[in-house]
Amino acid sequence: MTAHRTTGGPGTATEPLPTRAPDSADTIARGLVRGDERCLDAAYHRWGGLVHTLAARALGDAREAEDVTQQVFVAAWRGRATFRPDLGSLPAWLVGITRRKTADALTARTRRTALASALGSALQHGTGTTGEPERVLDRMLVTEELARLPRVQRDVLALAYFADLTQTQIAHRTGLPLGTVKSHARRGLRRLRHSLAPAATGG
């Protein structure tokens, strides 16, 4: 069945989706706003190369650029309701998202570099905590990001990494069940590591 298409602006009847894959930039843009996953795929195939090129040029790293590219299209899908095809083109909107995600990736890289340097210094001079390097890094991550966590996660991690309490001791001190303490510690550490990780690809 042949699809009919309207050409009016906002407020007109929504055009039926074409039976074939969307092709024109306008059709892709309006379909994306409506939540048509085919249009997200079409946007990725048409402008994914542009996004990757811009990210790679800014980051100087093809793998990071791939991560940023995925982030851009995830962000576009999640934020599709904010895009106004009548006010701007989809490629321009994607470029704007690319710039923001690239800036985020550069910031995360700087923070990771600083943490790695501090970790190396701590291990070389014997400062910080004793034990495995990962535990030293965990302390640094907690110091950097602890205040951003939910209160219970923050309290559990503070007791674990600043007071050197075991999870059993934390359970006794806080009155929380041991399983709850373990869950909060695990979720808190996951959030801390994610906040300093390279741009995620779909989380």
# chains A, B, ... in the order shown; residues from 1 in each chain; ligands from 1

call {"tool": "residues_around", "arguments": {"residues": "A:Arg34", "least_positions_apart": "2", "cutoff": "10 Å", "atoms": "only C-alpha atoms", "output": "list in words"}}
result
Thr14, Leu17, Ile28, Ala29, Arg30, Gly31, Leu32, Asp36, Glu37, Cys39, Arg80 and Ala81 of chain A

call {"tool": "residues_around", "arguments": {"residues": "A:Asp155", "least_positions_apart": "5", "cutoff": "12 Å", "atoms": "only C-alpha atoms", "output": "ChimeraX atom specification"}}
result
/A:142,146-150,160-163,165,167,170-171,173-174,176,181,184-185,188

call {"tool": "closest_residue", "arguments": {"among": "A:Asp61, A:Arg99, A:Leu157, A:Pro85", "to": "A:Ser183", "atoms": "only C-alpha atoms"}}
result
A:Leu157

call {"tool": "closest_residue", "arguments": {"among": "A:Leu87, A:Ala76, A:Ala25, A:Ala58", "to": "A:Arg46", "atoms": "only C-alpha atoms"}}
result
A:Ala25

call {"tool": "atom_distance", "arguments": {"atom1": "atom CA of A:Asp86", "atom2": "atom CA of A:Arg100"}}
result
22.3 Å
